[in-house]
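Notes to accompany the following structure.
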Amino acid sequence: MTVRPPRRLRVLAIGLLTAVSLTACGGADTDTQANLSGPVVIDGSSTVEPLSTAAGQLFTAAHPDVQVTVATSGTGGGFKKFCAGQIDIADASRPMSGAESTACGQHGVVFSALQVANDAITVVVNKDNTWATCLTVAQLKKMWEPASTVKTWNEIDPAFPAEPLTLFGADTESGTFDYFTQVINGREGAGRTDYTPSGDDNVTVGGVAAAKGALGYFGYSYYEDNTDKLRAVQIDSGKGCVAPSVPTAQDGSYTPLARPLFIYLTDIALKKPQVEKFAEFYIDNNAKIVEAARFIPMTSPQISRARAELADIKETAGQ
């Protein structure tokens, strides 16, 4: 898509692969690769952060004079910095809104977006929760809608126990919050406020793991990292219970919580050789990056589309 007018360090554990093989994957001129230097500054989604961290570590293994920094201020917070020209790349777990696009335009920022992975927002409960194996979208809405006063599980379903319901989730700067409230409550940003919000998904992990009646949500990779502490809930959107997984996220059957993940780039940033090559590397080595960060990979058509979009972006930007 183009618009014109202390987390996991798993990559280190795989030995950084080999700089030689990764450089070869990039398909760029060897002299240009060897001379790459300078910063690549990334901020935004806490969901996408592990993916960009993995990409940065693998890239700098091949290009040690490039400094890739990845921070998290939420998708919304990242877009604010991005549109103010403070960062090169914005990690995003949702598409940019019309208001955010307008803000970029007011600052003269011309930008483009690339899909870099798939995700399945995963609803999680405590390991000792034996009753909520599958929840309907309507039940999730009953928990999370703005007017909700639900305090116990038996208010969701009389068959459930009268266990206190404690909720954990993304904060209002998060793209995951925006996406979840849109598809569950019907309006982006609309949700009850008496829950524990955080920009750090590890807070949700700890909160849900500590209380038998707790429930939370975050990106699929965070669940994969914490299967020993949490249990994923299947979701029924009207066609039966579906568990979050690689296949159900890729084929869209995990509805409505399957979603694409993005990076956003500015035309100015793409004029920096290290940013241009990093963007190429992100797509050309996407399978290795996604595997290292334990994300849901893109399908072959999605990768082909991303390559074509990046080529078009570079041409339009005058690369």
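In the structure tokens, chains take the letters A, B, ... in the order shown, each chain's residues start at 1, and ligands count up from 1 in the order shown.
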
Which residues of range 254-293 of chain A have any atom within 9 Å of an atom in range 53-64 of chain A when counting only C-alpha atoms, and what is the closest pair of atoms for each, with the distance in Å to one decimal? Order the rows by chain and rising number and write it as a tab-separated table.
```
residue	atom	partner	partner_atom	distance
A:Phe278	CA	A:Phe59	CA	6.9
A:Phe281	CA	A:Phe59	CA	7.1
A:Tyr282	CA	A:Ala55	CA	6.2
A:Asn285	CA	A:Ala55	CA	8.4
A:Asn286	CA	A:Ala55	CA	8.3
A:Lys288	CA	A:Ala55	CA	8.7
A:Ile289	CA	A:Ala55	CA	5.6
A:Val290	CA	A:Ala54	CA	8.0
A:Ala292	CA	A:Ala54	CA	6.5
A:Ala293	CA	A:Ala54	CA	6.0
```

Could the residues in this selection be saved with N, CA, C and O atoms as a PDB file, in the first residue's frame?
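Result file is out-v7.pdb:
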```pdb
ATOM      1  N   PHE A 278      17.893  -1.903   4.142  1.00  0.00           N
ATOM      2  CA  PHE A 278      17.210  -2.582   5.237  1.00  0.00           C
ATOM      3  C   PHE A 278      15.800  -2.985   4.816  1.00  0.00           C
ATOM      4  O   PHE A 278      15.343  -4.104   5.115  1.00  0.00           O
ATOM      5  N   PHE A 281      16.077  -5.904   2.578  1.00  0.00           N
ATOM      6  CA  PHE A 281      16.456  -7.068   3.377  1.00  0.00           C
ATOM      7  C   PHE A 281      15.249  -7.627   4.120  1.00  0.00           C
ATOM      8  O   PHE A 281      15.065  -8.845   4.218  1.00  0.00           O
ATOM      9  N   TYR A 282      14.421  -6.743   4.647  1.00  0.00           N
ATOM     10  CA  TYR A 282      13.227  -7.140   5.415  1.00  0.00           C
ATOM     11  C   TYR A 282      12.312  -8.026   4.564  1.00  0.00           C
ATOM     12  O   TYR A 282      11.741  -9.014   5.066  1.00  0.00           O
ATOM     13  N   ASN A 285      14.518 -11.398   2.956  1.00  0.00           N
ATOM     14  CA  ASN A 285      14.838 -12.398   3.976  1.00  0.00           C
ATOM     15  C   ASN A 285      13.668 -12.603   4.939  1.00  0.00           C
ATOM     16  O   ASN A 285      13.870 -13.015   6.084  1.00  0.00           O
ATOM     17  N   ASN A 286      12.461 -12.331   4.459  1.00  0.00           N
ATOM     18  CA  ASN A 286      11.304 -12.336   5.343  1.00  0.00           C
ATOM     19  C   ASN A 286      11.097 -13.676   6.036  1.00  0.00           C
ATOM     20  O   ASN A 286      10.771 -13.725   7.230  1.00  0.00           O
ATOM     21  N   LYS A 288      13.307 -15.931   6.954  1.00  0.00           N
ATOM     22  CA  LYS A 288      14.271 -16.099   8.045  1.00  0.00           C
ATOM     23  C   LYS A 288      13.903 -15.203   9.230  1.00  0.00           C
ATOM     24  O   LYS A 288      14.006 -15.609  10.392  1.00  0.00           O
ATOM     25  N   ILE A 289      13.510 -13.971   8.933  1.00  0.00           N
ATOM     26  CA  ILE A 289      13.166 -13.014   9.990  1.00  0.00           C
ATOM     27  C   ILE A 289      11.946 -13.487  10.769  1.00  0.00           C
ATOM     28  O   ILE A 289      11.930 -13.488  12.010  1.00  0.00           O
ATOM     29  N   VAL A 290      10.920 -13.896  10.049  1.00  0.00           N
ATOM     30  CA  VAL A 290       9.682 -14.343  10.688  1.00  0.00           C
ATOM     31  C   VAL A 290       9.936 -15.596  11.525  1.00  0.00           C
ATOM     32  O   VAL A 290       9.430 -15.732  12.641  1.00  0.00           O
ATOM     33  N   ALA A 292      12.820 -16.471  12.920  1.00  0.00           N
ATOM     34  CA  ALA A 292      13.623 -16.093  14.079  1.00  0.00           C
ATOM     35  C   ALA A 292      12.772 -15.463  15.173  1.00  0.00           C
ATOM     36  O   ALA A 292      13.001 -15.686  16.363  1.00  0.00           O
ATOM     37  N   ALA A 293      11.789 -14.666  14.778  1.00  0.00           N
ATOM     38  CA  ALA A 293      10.924 -13.974  15.744  1.00  0.00           C
ATOM     39  C   ALA A 293       9.666 -14.758  16.083  1.00  0.00           C
ATOM     40  O   ALA A 293       8.857 -14.299  16.880  1.00  0.00           O
TER      41      ALA A 293
END
```

Exercise. Can you tell me, as a PyMOL selection string, what residues are no more than 10 Å from range 258-260 of chain A when counting only C-alpha atoms, ignoring any on the same chain fewer than 2 positions away?
Worked result: chain A and resi 92-95+114-122+176+179+219-220+244-246+248-256+262+296+298

Problem set entry | Test item: residues at most 10 Å from Met143 in chain A, only C-alpha atoms, excluding those fewer than 4 positions along its chain, as a PyMOL selection string | chain A and resi 137-139+147-153+155-156+165-167+184-185+191-192+215

Using only N, CA and C atoms, please write the residues we just selected to a file, as a short mmCIF file (atom, residue, chain, number, x, y, z; two decimals), in the first residue's frame.
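In the end it all went to result.cif:
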```
data_model
loop_
_atom_site.label_atom_id
_atom_site.label_comp_id
_atom_site.auth_asym_id
_atom_site.auth_seq_id
_atom_site.Cartn_x
_atom_site.Cartn_y
_atom_site.Cartn_z
N VAL A 137 -17.80 -14.07 19.54
CA VAL A 137 -17.55 -12.64 19.41
C VAL A 137 -18.53 -11.87 20.29
N ALA A 138 -19.77 -12.32 20.35
CA ALA A 138 -20.77 -11.66 21.18
C ALA A 138 -20.39 -11.71 22.66
N GLN A 139 -19.84 -12.82 23.11
CA GLN A 139 -19.41 -12.93 24.50
C GLN A 139 -18.23 -12.00 24.79
N ALA A 147 -20.21 -0.08 27.71
CA ALA A 147 -21.21 -0.09 28.78
C ALA A 147 -21.14 -1.33 29.67
N SER A 148 -20.15 -2.18 29.44
CA SER A 148 -20.09 -3.44 30.17
C SER A 148 -19.87 -3.23 31.67
N THR A 149 -20.65 -3.95 32.45
CA THR A 149 -20.47 -3.96 33.91
C THR A 149 -20.21 -5.39 34.40
N VAL A 150 -19.87 -6.27 33.47
CA VAL A 150 -19.64 -7.67 33.80
C VAL A 150 -18.47 -7.78 34.77
N LYS A 151 -18.68 -8.49 35.85
CA LYS A 151 -17.64 -8.65 36.87
C LYS A 151 -17.26 -10.10 37.12
N THR A 152 -18.16 -11.02 36.75
CA THR A 152 -17.89 -12.43 36.99
C THR A 152 -18.17 -13.24 35.72
N TRP A 153 -17.56 -14.41 35.64
CA TRP A 153 -17.67 -15.23 34.44
C TRP A 153 -19.09 -15.75 34.21
N GLU A 155 -21.74 -14.23 34.45
CA GLU A 155 -22.53 -13.21 33.76
C GLU A 155 -22.35 -13.31 32.24
N ILE A 156 -21.28 -13.96 31.82
CA ILE A 156 -21.04 -14.20 30.40
C ILE A 156 -21.82 -15.42 29.93
N LEU A 165 -13.98 -11.86 37.06
CA LEU A 165 -13.38 -11.61 35.75
C LEU A 165 -12.48 -10.39 35.84
N THR A 166 -11.19 -10.57 35.62
CA THR A 166 -10.25 -9.45 35.58
C THR A 166 -9.65 -9.38 34.18
N LEU A 167 -9.63 -8.17 33.63
CA LEU A 167 -9.28 -7.98 32.23
C LEU A 167 -7.96 -7.24 32.06
N ILE A 184 -14.37 -6.25 17.61
CA ILE A 184 -15.19 -6.86 18.67
C ILE A 184 -16.33 -5.94 19.08
N ASN A 185 -16.05 -4.66 19.29
CA ASN A 185 -17.08 -3.73 19.77
C ASN A 185 -17.75 -2.92 18.67
N GLY A 191 -14.36 1.02 24.19
CA GLY A 191 -14.22 -0.12 25.09
C GLY A 191 -14.33 0.30 26.54
N ARG A 192 -14.56 -0.65 27.41
CA ARG A 192 -14.63 -0.34 28.84
C ARG A 192 -13.26 0.12 29.32
N LEU A 215 -8.45 -12.60 31.95
CA LEU A 215 -8.47 -12.75 30.49
C LEU A 215 -7.75 -11.56 29.88
#
```

For this session: Pick out the residues sitting within 12 Å of range 108-111 of chain A, and hand them over as number ranges by chain; count only C-alpha atoms, and ignore anything fewer than 6 positions along from it in its own chain.
Result: A: 1-5, 79-90, 96, 100-102, 263-270, 310, 313-314, 316-317

For this session: Go through A:Cys104, A:Leu230, A:Leu140, A:Ile283 one by one, measure the shortest atom-to-atom distance of each to Ala209 in chain A using only C-alpha atoms, and give the residue with the smallest value.
Result: A:Leu230

Exercise. Nearest to Gly216 in chain A among A:Val125, A:Ala232, A:Val203, A:Ala132, with distances taken over only C-alpha atoms: which residue is it?
Worked result: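 Ranked by minimum distance to Gly216 in chain A, first place goes to A:Val125.
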
Exercise. Restricting the calculation to only C-alpha atoms, which member of A:Ile303, A:Ala311, A:Ala159, A:Ala113 is positioned closest to Lys277 in chain A?
Worked result: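 Among the listed residues, the smallest separation from Lys277 in chain A belongs to A:Ala311.
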
For this session: Find the residues around range 222-225 of chain A up to 9 Å (only C-alpha atoms counted), leave out those fewer than 3 positions away in its own chain, and share them as a PyMOL selection string.
Result: chain A and resi 8+47+122-124+201-202+205+217-219+228+230-232+294-295
